[in-house]
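J.: Data file final28.txt (compact mmCIF, C-alpha atoms) is appended below.
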# COMPACT_ATOMS: atom_id res chain seq x y z
CA MET X 1145 -11.17 155.59 67.22
CA ALA X 1146 -14.79 155.15 66.09
CA PHE X 1147 -15.97 156.89 62.95
CA GLU X 1148 -19.70 157.45 62.40
CA LYS X 1149 -20.75 157.33 58.75
CA ASP X 1150 -24.07 158.31 57.17
CA LEU X 1151 -24.94 155.18 55.14
CA GLU X 1152 -27.79 156.83 53.24
CA LYS X 1153 -25.45 159.54 52.03
CA ALA X 1154 -22.88 156.90 51.13
CA LYS X 1155 -25.48 155.02 49.05
CA GLU X 1156 -26.36 158.18 47.11
CA LYS X 1157 -22.69 158.68 46.27
CA ALA X 1158 -22.21 154.98 45.45
CA LYS X 1159 -24.99 155.12 42.81
CA LYS X 1160 -22.88 157.45 40.66
CA VAL X 1161 -19.78 155.23 40.45
CA LYS X 1162 -18.64 154.36 36.92
CA LEU X 1163 -14.99 153.65 37.69
CA PHE X 1164 -13.83 151.92 40.85
CA ALA X 1165 -10.11 152.13 41.60
CA HIS X 1166 -7.86 150.67 44.25
CA ASP X 1167 -4.26 149.90 45.09
CA VAL X 1168 -2.96 146.35 45.47
CA HIS X 1169 -1.15 146.20 48.83
CA GLY X 1170 -3.23 146.90 51.92
CA VAL X 1171 -6.50 146.41 50.00
CA LEU X 1172 -6.18 143.22 47.95
CA THR X 1173 -3.49 142.00 50.37
CA PRO X 1174 -3.06 142.42 54.14
CA ASN X 1175 0.08 144.43 53.26
CA THR X 1176 2.28 141.49 54.16
CA PHE X 1177 4.66 139.20 52.32
CA LEU X 1178 6.16 135.83 53.10
CA CYS X 1179 9.88 135.66 52.47
CA ASP X 1180 11.93 132.46 52.28
CA ILE X 1181 15.64 131.87 52.63
CA GLU X 1182 16.22 132.23 48.88
CA GLY X 1183 14.53 135.61 49.03
CA ARG X 1184 11.47 134.35 47.15
CA ARG X 1185 8.37 136.23 48.21
CA LYS X 1186 4.76 135.14 48.41
CA TYR X 1187 1.71 137.37 48.66
CA THR X 1188 -1.76 136.50 49.86
CA PHE X 1189 -4.96 137.62 48.16
CA TRP X 1190 -8.61 136.94 49.02
CA HIS X 1191 -10.61 134.60 46.79
CA MET X 1192 -13.89 136.52 46.92
CA ASP X 1193 -12.24 139.89 46.18
CA GLY X 1194 -11.74 138.48 42.70
CA PHE X 1195 -15.48 137.93 42.50
CA GLY X 1196 -15.91 141.54 43.67
CA ASP X 1197 -13.73 142.97 40.91
CA LEU X 1198 -15.36 140.75 38.27
CA SER X 1199 -18.82 141.72 39.53
CA PHE X 1200 -18.00 145.38 38.98
CA THR X 1201 -16.90 144.88 35.38
CA ALA X 1202 -19.84 142.57 34.63
CA ASN X 1203 -22.18 145.32 35.81
CA GLY X 1204 -20.65 148.07 33.68
CA ILE X 1205 -18.35 149.58 36.29
CA GLN X 1206 -14.72 149.86 35.19
CA ILE X 1207 -12.06 148.61 37.58
CA ALA X 1208 -8.57 150.08 37.76
CA PHE X 1209 -5.65 148.80 39.83
CA LEU X 1210 -3.45 151.75 40.78
CA ASP X 1211 -0.45 149.92 42.12
CA THR X 1212 2.19 151.96 43.94
CA THR X 1213 4.06 149.56 46.20
CA SER X 1214 4.40 146.22 44.42
CA ILE X 1215 7.80 144.70 45.18
CA ASP X 1216 7.55 142.03 42.51
CA GLU X 1217 4.76 141.63 39.95
CA GLU X 1218 2.15 140.27 42.37
CA GLY X 1219 -0.55 142.80 41.46
CA LEU X 1220 0.05 142.26 37.77
CA PHE X 1221 -0.45 138.48 38.13
CA ARG X 1222 -3.72 139.04 39.96
CA ALA X 1223 -4.96 141.54 37.37
CA ARG X 1224 -4.10 139.09 34.57
CA GLU X 1225 -5.88 136.27 36.35
CA LEU X 1226 -8.98 138.45 36.59
CA LYS X 1227 -8.50 139.57 32.95
CA LEU X 1228 -8.52 143.24 33.95
CA ASP X 1229 -7.04 145.60 31.38
CA LYS X 1230 -6.68 148.69 33.57
CA PHE X 1231 -3.67 147.76 35.63
CA TYR X 1232 -1.08 150.43 36.37
CA TYR X 1233 2.10 149.08 37.83
CA LYS X 1234 4.38 150.92 40.28
CA ILE X 1235 2.94 154.34 39.47
CA LYS X 1236 4.15 157.39 41.37
CA ASP X 1237 1.23 159.74 40.83
CA LYS X 1238 -2.20 158.19 41.36
CA ILE X 1239 -4.02 161.50 40.89
CA ALA X 1240 -2.48 162.05 37.45
CA LYS X 1241 -3.33 158.48 36.43
CA LEU X 1242 -6.94 158.89 37.57
CA ASP X 1243 -7.23 162.20 35.69
CA GLU X 1244 -6.08 160.37 32.57
CA LEU X 1245 -8.64 157.61 33.10
CA LYS X 1246 -11.47 160.08 33.72
CA LYS X 1247 -10.65 161.83 30.46
CA GLU X 1248 -10.51 158.53 28.58
CA LEU X 1249 -13.88 157.41 29.97
CA GLY X 1250 -15.46 160.88 29.81
CA ILE X 1251 -16.39 160.91 33.49
CA SER X 1252 -15.84 163.30 36.39
CA ASP X 1253 -14.69 162.95 40.03
CA GLU X 1254 -18.20 162.11 41.27
CA ASN X 1255 -18.16 158.98 39.08
CA VAL X 1256 -14.97 157.70 40.69
CA GLY X 1257 -15.12 155.23 43.57
CA TYR X 1258 -11.93 154.54 45.49
CA ILE X 1259 -10.90 152.33 48.39
CA GLY X 1260 -7.69 153.07 50.27
CA CYS X 1261 -5.81 152.51 53.53
CA GLU X 1262 -2.46 154.38 53.60
CA VAL X 1263 -0.76 157.75 53.17
CA THR X 1264 -0.31 156.90 49.49
CA ASP X 1265 -4.12 156.96 49.07
CA ILE X 1266 -5.03 160.21 50.83
CA GLY X 1267 -4.61 162.51 47.80
CA VAL X 1268 -6.98 160.46 45.65
CA MET X 1269 -9.42 159.91 48.52
CA LYS X 1270 -9.84 163.67 48.90
CA ARG X 1271 -11.04 163.90 45.29
CA ALA X 1272 -13.04 160.77 44.51
CA GLY X 1273 -16.84 160.83 44.61
CA PHE X 1274 -17.40 157.70 46.67
CA VAL X 1275 -14.61 157.01 49.13
CA VAL X 1276 -14.08 153.82 51.10
CA ALA X 1277 -11.50 152.90 53.76
CA THR X 1278 -10.61 149.38 54.89
CA ALA X 1279 -11.22 148.34 58.52
CA ASP X 1280 -7.48 148.56 59.21
CA ALA X 1281 -6.83 151.81 57.32
CA ILE X 1282 -5.04 154.72 58.98
CA ASP X 1283 -7.32 157.15 60.86
CA GLU X 1284 -6.81 159.88 58.28
CA ALA X 1285 -8.25 157.60 55.57
CA LYS X 1286 -11.18 156.57 57.76
CA GLU X 1287 -11.97 160.21 58.47
CA ILE X 1288 -12.27 161.08 54.77
CA ALA X 1289 -14.19 157.91 53.85
CA ASP X 1290 -17.93 157.77 53.11
CA TYR X 1291 -17.91 154.10 54.07
CA ILE X 1292 -15.58 151.86 56.10
CA THR X 1293 -15.57 148.14 55.31
CA ALA X 1294 -15.90 145.58 58.09
CA ALA X 1295 -13.13 143.62 56.34
CA PRO X 1296 -9.48 144.59 56.73
CA GLY X 1297 -7.15 144.57 53.71
CA GLY X 1298 -6.65 141.16 52.12
CA ARG X 1299 -9.75 139.77 53.81
CA GLY X 1300 -12.54 140.71 51.43
CA PRO X 1301 -12.99 144.51 51.32
CA ILE X 1302 -13.64 144.51 47.53
CA ARG X 1303 -16.29 141.81 47.85
CA GLU X 1304 -17.95 143.91 50.54
CA VAL X 1305 -17.85 147.25 48.75
CA CYS X 1306 -18.99 145.65 45.51
CA GLU X 1307 -22.15 144.46 47.25
CA PHE X 1308 -22.65 147.90 48.81
CA ILE X 1309 -22.42 149.68 45.44
CA LEU X 1310 -24.48 147.18 43.46
CA ARG X 1311 -27.19 147.19 46.16
CA ALA X 1312 -27.24 151.01 46.12
CA MET X 1313 -27.73 150.81 42.35
CA GLY X 1314 -30.47 148.19 42.76
CA LYS X 1315 -28.48 145.68 40.68
CA TRP X 1316 -27.34 143.21 43.34
CA GLU X 1317 -30.30 140.80 43.51
CA GLU X 1318 -30.44 140.44 39.76
CA TRP X 1319 -26.67 139.92 39.57
CA VAL X 1320 -26.68 137.21 42.24
CA GLU X 1321 -29.52 135.44 40.45
CA LYS X 1322 -27.64 135.62 37.16
CA VAL X 1323 -24.44 134.33 38.72
CA THR X 1324 -26.11 131.41 40.42
CA LYS X 1325 -27.76 130.39 37.14
CA MET X 1326 -25.06 131.16 34.61
CA GLY X 1327 -21.80 131.48 36.60
CA TYR X 1328 -19.55 134.52 36.30
CA LYS X 1329 -16.24 133.46 34.78
CA MET A 373 3.80 154.95 80.58
CA ASN A 374 1.42 157.44 79.02
CA LYS A 375 1.71 158.63 75.43
CA GLU A 376 2.84 162.17 76.35
CA ALA A 377 5.84 160.78 78.24
CA ALA A 378 6.62 158.47 75.30
CA ILE A 379 6.52 161.45 72.92
CA GLU A 380 9.06 163.29 75.08
CA LYS A 381 11.41 160.31 74.85
CA ALA A 382 10.75 159.93 71.10
CA LYS A 383 11.88 163.52 70.48
CA LYS A 384 15.47 162.57 71.29
CA VAL A 385 15.70 159.45 69.09
CA ARG A 386 18.40 159.46 66.40
CA PHE A 387 18.71 155.73 65.75
CA VAL A 388 16.24 152.81 65.89
CA ILE A 389 17.33 149.23 66.53
CA LEU A 390 14.81 146.54 65.62
CA ASP A 391 14.60 142.98 66.81
CA ILE A 392 13.35 140.76 63.96
CA HIS A 393 11.35 137.79 65.24
CA GLY A 394 8.18 138.92 67.01
CA VAL A 395 8.73 142.54 65.92
CA LEU A 396 9.20 142.49 62.14
CA THR A 397 7.44 139.11 62.04
CA ASP A 398 4.52 137.57 63.92
CA SER A 399 6.94 134.84 65.15
CA VAL A 400 5.29 132.27 62.87
CA LEU A 401 7.58 130.00 60.82
CA TYR A 402 6.23 128.46 57.62
CA TYR A 403 7.98 125.24 56.58
CA LEU A 404 7.68 123.79 53.09
CA ASP A 405 7.95 120.04 52.53
CA ASP A 406 11.55 120.51 51.35
CA GLY A 407 12.49 121.99 54.75
CA LYS A 408 12.75 125.56 53.47
CA LYS A 409 11.36 128.15 55.79
CA SER A 410 9.43 131.38 55.19
CA GLU A 411 8.43 134.14 57.57
CA CYS A 412 5.76 136.82 57.22
CA PHE A 413 6.77 140.51 57.14
CA SER A 414 4.76 143.71 56.74
CA LEU A 415 4.93 146.29 53.97
CA HIS A 416 3.73 148.85 56.53
CA ASP A 417 7.14 148.38 58.13
CA ARG A 418 8.80 149.05 54.78
CA LEU A 419 7.13 152.47 54.88
CA GLY A 420 8.18 152.81 58.54
CA CYS A 421 11.87 152.10 57.84
CA MET A 422 11.91 154.32 54.75
CA ALA A 423 10.23 157.16 56.66
CA LEU A 424 12.72 156.95 59.55
CA MET A 425 15.70 157.04 57.20
CA GLU A 426 14.15 159.85 55.14
CA GLY A 427 13.84 161.74 58.44
CA GLY A 428 17.56 161.29 59.14
CA ILE A 429 17.09 158.54 61.73
CA GLY A 430 19.19 155.41 61.27
CA VAL A 431 17.69 151.91 61.29
CA SER A 432 19.28 148.56 62.08
CA PHE A 433 18.13 144.97 62.58
CA LEU A 434 19.56 143.17 65.63
CA THR A 435 18.93 139.46 66.07
CA SER A 436 20.90 136.43 67.21
CA LYS A 437 21.62 135.31 63.63
CA ILE A 438 21.11 137.14 60.35
CA THR A 439 19.69 134.78 57.72
CA ARG A 440 19.39 135.25 53.97
CA THR A 441 15.71 135.94 54.54
CA ASP A 442 16.63 138.89 56.75
CA GLU A 443 18.98 140.20 54.06
CA GLN A 444 16.25 139.99 51.45
CA VAL A 445 13.82 141.83 53.73
CA ALA A 446 16.43 144.53 54.40
CA LYS A 447 16.66 145.05 50.63
CA VAL A 448 12.88 145.44 50.41
CA TYR A 449 12.92 147.91 53.31
CA ASN A 450 15.97 149.78 51.93
CA VAL A 451 17.94 149.14 55.13
CA PRO A 452 21.72 149.05 54.36
CA LEU A 453 23.23 145.57 54.73
CA ASP A 454 25.93 146.84 57.13
CA LYS A 455 23.11 147.63 59.56
CA LEU A 456 22.17 143.93 59.84
CA TRP A 457 23.64 142.82 63.13
CA GLY A 458 23.63 139.13 64.01
CA THR A 459 24.59 138.43 67.63
CA SER A 460 22.84 137.29 70.77
CA ALA A 461 25.25 139.51 72.77
CA LYS A 462 22.94 142.44 72.16
CA MET A 463 24.34 144.63 74.95
CA GLY A 464 27.88 144.14 73.66
CA LYS A 465 26.75 145.15 70.17
CA LEU A 466 25.11 148.29 71.57
CA ASP A 467 28.37 149.23 73.38
CA GLU A 468 30.32 148.73 70.16
CA PHE A 469 27.84 150.75 68.09
CA GLU A 470 27.75 153.64 70.56
CA LYS A 471 31.55 153.78 70.63
CA GLU A 472 31.68 153.78 66.82
CA SER A 473 28.87 156.26 66.20
CA GLY A 474 29.24 158.57 69.19
CA LEU A 475 25.54 158.09 69.96
CA LYS A 476 24.42 157.66 73.56
CA ASP A 477 21.78 155.48 75.19
CA GLU A 478 19.24 158.32 75.20
CA ASP A 479 19.60 158.77 71.40
CA ILE A 480 18.54 155.19 70.77
CA CYS A 481 15.16 153.54 70.38
CA TYR A 482 15.00 149.76 70.70
CA VAL A 483 12.00 147.64 69.72
CA GLY A 484 11.94 144.15 71.25
CA ASP A 485 9.58 141.49 72.48
CA GLU A 486 11.48 138.85 74.49
CA MET A 487 13.72 138.27 77.51
CA ILE A 488 16.84 138.52 75.35
CA ASP A 489 15.79 142.14 74.69
CA LEU A 490 15.19 143.19 78.31
CA GLY A 491 18.73 144.35 79.16
CA ILE A 492 18.97 146.63 76.15
CA MET A 493 15.37 147.85 76.63
CA LYS A 494 16.14 148.96 80.18
CA ARG A 495 19.19 150.87 78.97
CA VAL A 496 18.11 152.84 75.89
CA GLY A 497 16.32 156.19 75.89
CA PHE A 498 13.13 154.91 74.28
CA SER A 499 12.10 151.25 74.43
CA VAL A 500 9.09 149.85 72.60
CA ALA A 501 7.31 146.49 72.71
CA PRO A 502 4.69 145.18 70.25
CA LEU A 503 1.14 144.60 71.51
CA ASP A 504 1.70 140.84 71.71
CA ALA A 505 5.23 140.92 73.20
CA SER A 506 6.09 138.91 76.34
CA ILE A 507 4.77 140.33 79.63
CA GLU A 508 8.35 141.09 80.71
CA ALA A 509 9.08 143.14 77.58
CA ARG A 510 5.77 144.99 77.86
CA SER A 511 6.42 145.84 81.51
CA VAL A 512 9.86 147.28 80.73
CA ALA A 513 8.80 149.18 77.57
CA HIS A 514 8.20 152.94 77.53
CA TYR A 515 5.59 152.40 74.82
CA ILE A 516 3.49 149.43 73.64
CA THR A 517 2.32 149.59 70.02
CA LYS A 518 -1.28 149.05 68.94
CA ALA A 519 0.12 146.80 66.21
CA ALA A 520 1.08 143.21 66.93
CA GLY A 521 4.43 141.82 65.75
CA GLY A 522 4.64 141.57 61.95
CA ARG A 523 1.64 143.86 61.49
CA GLY A 524 3.14 147.33 61.28
CA VAL A 525 5.01 147.85 64.56
CA VAL A 526 7.80 149.80 62.86
CA ARG A 527 5.41 152.01 60.91
CA GLU A 528 3.70 152.93 64.18
CA VAL A 529 7.01 153.65 65.97
CA ALA A 530 8.24 155.66 62.97
CA GLU A 531 5.11 157.81 62.90
CA LEU A 532 5.32 158.37 66.67
CA ILE A 533 9.00 159.42 66.53
CA LEU A 534 8.70 161.57 63.41
CA ARG A 535 5.53 163.29 64.66
CA ALA A 536 7.24 163.95 68.03
CA GLN A 537 10.09 165.56 66.10
CA GLY A 538 7.71 167.51 63.84
CA LYS A 539 9.00 165.76 60.70
CA TRP A 540 6.21 163.32 59.74
CA GLN A 541 4.31 165.25 57.08
CA ALA A 542 7.44 166.56 55.37
CA VAL A 543 8.92 163.05 55.29
CA ILE A 544 5.75 161.52 53.82
CA ASP A 545 5.42 164.29 51.21
CA SER A 546 9.02 163.74 50.22
CA LEU A 547 8.57 159.93 49.97
CA LEU A 548 5.37 160.34 47.93
CA LYS A 549 7.21 162.60 45.52
CA LYS A 550 9.99 160.01 45.11
CA GLY A 551 7.53 157.11 44.91
CA ILE A 552 7.16 154.70 47.80
Rewrite the structure from the file as structure tokens, please.

T.:
Amino acid sequence: MAFEKDLEKAKEKAKKVKLFAHDVHGVLTPNTFLCDIEGRRKYTFWHMDGFGDLSFTANGIQIAFLDTTSIDEEGLFRARELKLDKFYYKIKDKIAKLDELKKELGISDENVGYIGCEVTDIGVMKRAGFVVATADAIDEAKEIADYITAAPGGRGPIREVCEFILRAMGKWEEWVEKVTKMGYK
Amino acid sequence: MNKEAAIEKAKKVRFVILDIHGVLTDSVLYYLDDGKKSECFSLHDRLGCMALMEGGIGVSFLTSKITRTDEQVAKVYNVPLDKLWGTSAKMGKLDEFEKESGLKDEDICYVGDEMIDLGIMKRVGFSVAPLDASIEARSVAHYITKAAGGRGVVREVAELILRAQGKWQAVIDSLLKKGI
């Protein structure tokens, strides 16, 4: 199914984002795991999504991982690697967690950006100000979304949406220049 | 077969039997230098298996040999270990299961991708093949998923069956409440 989105409207919404939240599986990963004969599992992430998350925090936008379906501690390891402090592990109620975060940061729904792909994301997607779905999200998520990434989960959606938001805010060019001169880690 | 006809068949399903290689996986084998092997599974299918069981529909894995990898995946998907069936005599296993459970061919959905699956696919009430299954399996199947093997075939079948039976939203709401 094709979903037409008004990009100008999406940009207006993106400008207001102060907190960007996402789950781990299906967004940072392709929602897959490798399993070996000892039962050890491996998960794949996307290199440049790390740059995406770090670019948000470097530009004053808070990042929160709202993890619901981690089997092991894969999301936690990734959050630690990226030195993100807002990591919520195996939470049941994403809406309640977001309400808590909004209160803590003194922001409202319109300041919340969210990218999702599954039934576990729909509740939050109905409330957030700027809503994104991955290329391989379920139709219900794509319908609600203001923007759909070209990248499927685990293949760079955060990198893509980070550029979209920072461009909407007029911060992208300056950020890229800074990174290429000074680095970002 | 069109989707409407598939939905009619899906309404009757009470038990789903899943082939593993090519259905739960993309058929790719990853070998480490020590000879240990990994395979790639989908967390979408975890949701699919959990949704089916939450909706009162049984789930089993049927493959020629159950490995420790399959057992570990069953744990992740919450599929009971007694529903892991390792035999290449798939028709014989179906006979045995039907006798034991009292279920009939039309109550059963089978998802398979290869020639070893054809006999059972021709027999059951609702047979499904992944998008990238063999031509033979796709030509026998009542329904071909949009998902390729290892990329959410079971989730798609689960949603189709549970929607056909009018249970999908209630099952998802109940799983969300419990925590997926």

J.: My list of candidates is A:Thr435, A:Ser499, A:Ser460, A:Asn450. Which is closest to chain X when distances are computed with all atoms listed in the file?

T.: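 Smallest distance to chain X is found for A:Asn450.
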
J.: Name all residues at most 12 Å from Val1320 of chain X (count only C-alpha atoms; drop same-chain ones fewer than 2 positions away) and give them as a count of residues only.

T.: 21

J.: Which is closest to Ile1259 of chain X among X:Lys1241, X:Lys1153, X:His1166, X:Glu1284, if we use all atoms listed in the file?

T.: X:His1166

J.: Find the residues around Asn1175 of chain X up to 8 Å (only C-alpha atoms counted), leave out those fewer than 2 positions away in its own chain, and share them as a VMD selection string.

T.: (chain X and resid 1169 to 1171 1173 1177 1297 to 1298) or (chain A and resid 414 to 416)

J.: Could you give me, as a tab-separated table, a per-residue list for chain A showing, wherever an atom lies at most 6 Å from an atom of chain X, the closest pair of atoms and their distance in Å to one decimal, using all atoms listed in the file and sorting by chain then residue number from low to high?

T.:
residue	atom	partner	partner_atom	distance
A:Lys409	CA	X:Asp1180	CA	5.6
A:Ser410	CA	X:Asp1180	CA	4.0
A:Glu411	CA	X:Leu1178	CA	5.3
A:Cys412	CA	X:Leu1178	CA	4.3
A:Phe413	CA	X:Phe1177	CA	5.4
A:Ser414	CA	X:Thr1176	CA	4.2
A:Leu415	CA	X:Asn1175	CA	5.2
A:Arg440	CA	X:Ile1181	CA	5.2
A:Thr441	CA	X:Ile1181	CA	4.5
A:Gln444	CA	X:Gly1183	CA	5.3
A:Gly551	CA	X:Lys1236	CA	4.9

J.: Provide the atom CA of Tyr482 of chain A to atom CA of Trp457 of chain A distance in Å, to one decimal place.

T.: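 Separation between atom CA of Tyr482 of chain A and atom CA of Trp457 of chain A: 13.4 Å.
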
J.: Can you work out the spacing between atom CA of Phe1231 of chain X and atom CA of Ala1158 of chain X in Å, to one decimal?

T.: 22.2 Å

J.: Of the residues A:Lys550, A:Ala542, A:Gly524, A:Lys381, which is the one nearest to Asp398 of chain A, using all atoms listed in the file?

T.: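 The closest residue to Asp398 of chain A is A:Gly524.
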
J.: Listed atoms of segment 476-489 of chain A, axis-aligned box, 4 Å per side: centre and edge lengths to one decimal in Å, as JSON?

T.:
{"center_x": 17.0, "center_y": 148.5, "center_z": 73.6, "size_x": 22.8, "size_y": 28.5, "size_z": 15.8}

J.: Take atom CA of Ile507 of chain A and atom CA of Ser399 of chain A and report the distance between them in Å, one decimal.

T.: 15.6 Å

J.: Would you pick out the contacts of Ile492 of chain A at 10 Å or less, using only C-alpha atoms, so that residues sharing its chain but fewer than 6 positions from it are not included, and give the list as a PyMOL selection string?

T.: chain A and resi 462-466+477+481-484+499

J.: If you count only C-alpha atoms, which residues fall within 10 Å of Tyr1233 of chain X, apart from same-chain ones fewer than 6 positions away, as a ChimeraX atom specification?

T.: /X:1167-1168,1209-1214,1217-1220

J.: Quick one: everything within 9 Å of Arg1271 of chain X, counting all atoms listed in the file, minus sequence neighbours fewer than 6 positions away in the same chain. Send it as a ChimeraX atom specification.

T.: /X:1239,1253-1254,1256

J.: Name the closest residue to Leu490 of chain A among the candidates A:Leu475, A:Val512, A:Val529, A:Ala505; distances are taken between atoms, counting only C-alpha atoms.

T.: A:Val512

J.: Calculated over only C-alpha atoms, which of the candidates A:His514, A:Lys471, A:Lys408, A:Lys437 has the smallest distance to Met493 of chain A?

T.: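 The answer is A:His514, which sits nearest to Met493 of chain A.
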
J.: I need every residue sitting at most 10 Å from the point (20.4, 157.0, 79.1) (coordinates as in the file, all atoms listed in the file considered), written as a short mmCIF file (atom, residue, chain, number, x, y, z; two decimals) with C-alpha atoms, in the coordinates of the input.

T.:
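What follows is the written file selection_5.cif:
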data_model
loop_
_atom_site.label_atom_id
_atom_site.label_comp_id
_atom_site.auth_asym_id
_atom_site.auth_seq_id
_atom_site.Cartn_x
_atom_site.Cartn_y
_atom_site.Cartn_z
CA LYS A 476 24.42 157.66 73.56
CA ASP A 477 21.78 155.48 75.19
CA GLU A 478 19.24 158.32 75.20
CA ASP A 479 19.60 158.77 71.40
CA ILE A 480 18.54 155.19 70.77
CA LYS A 494 16.14 148.96 80.18
CA ARG A 495 19.19 150.87 78.97
CA VAL A 496 18.11 152.84 75.89
CA GLY A 497 16.32 156.19 75.89
CA PHE A 498 13.13 154.91 74.28
#
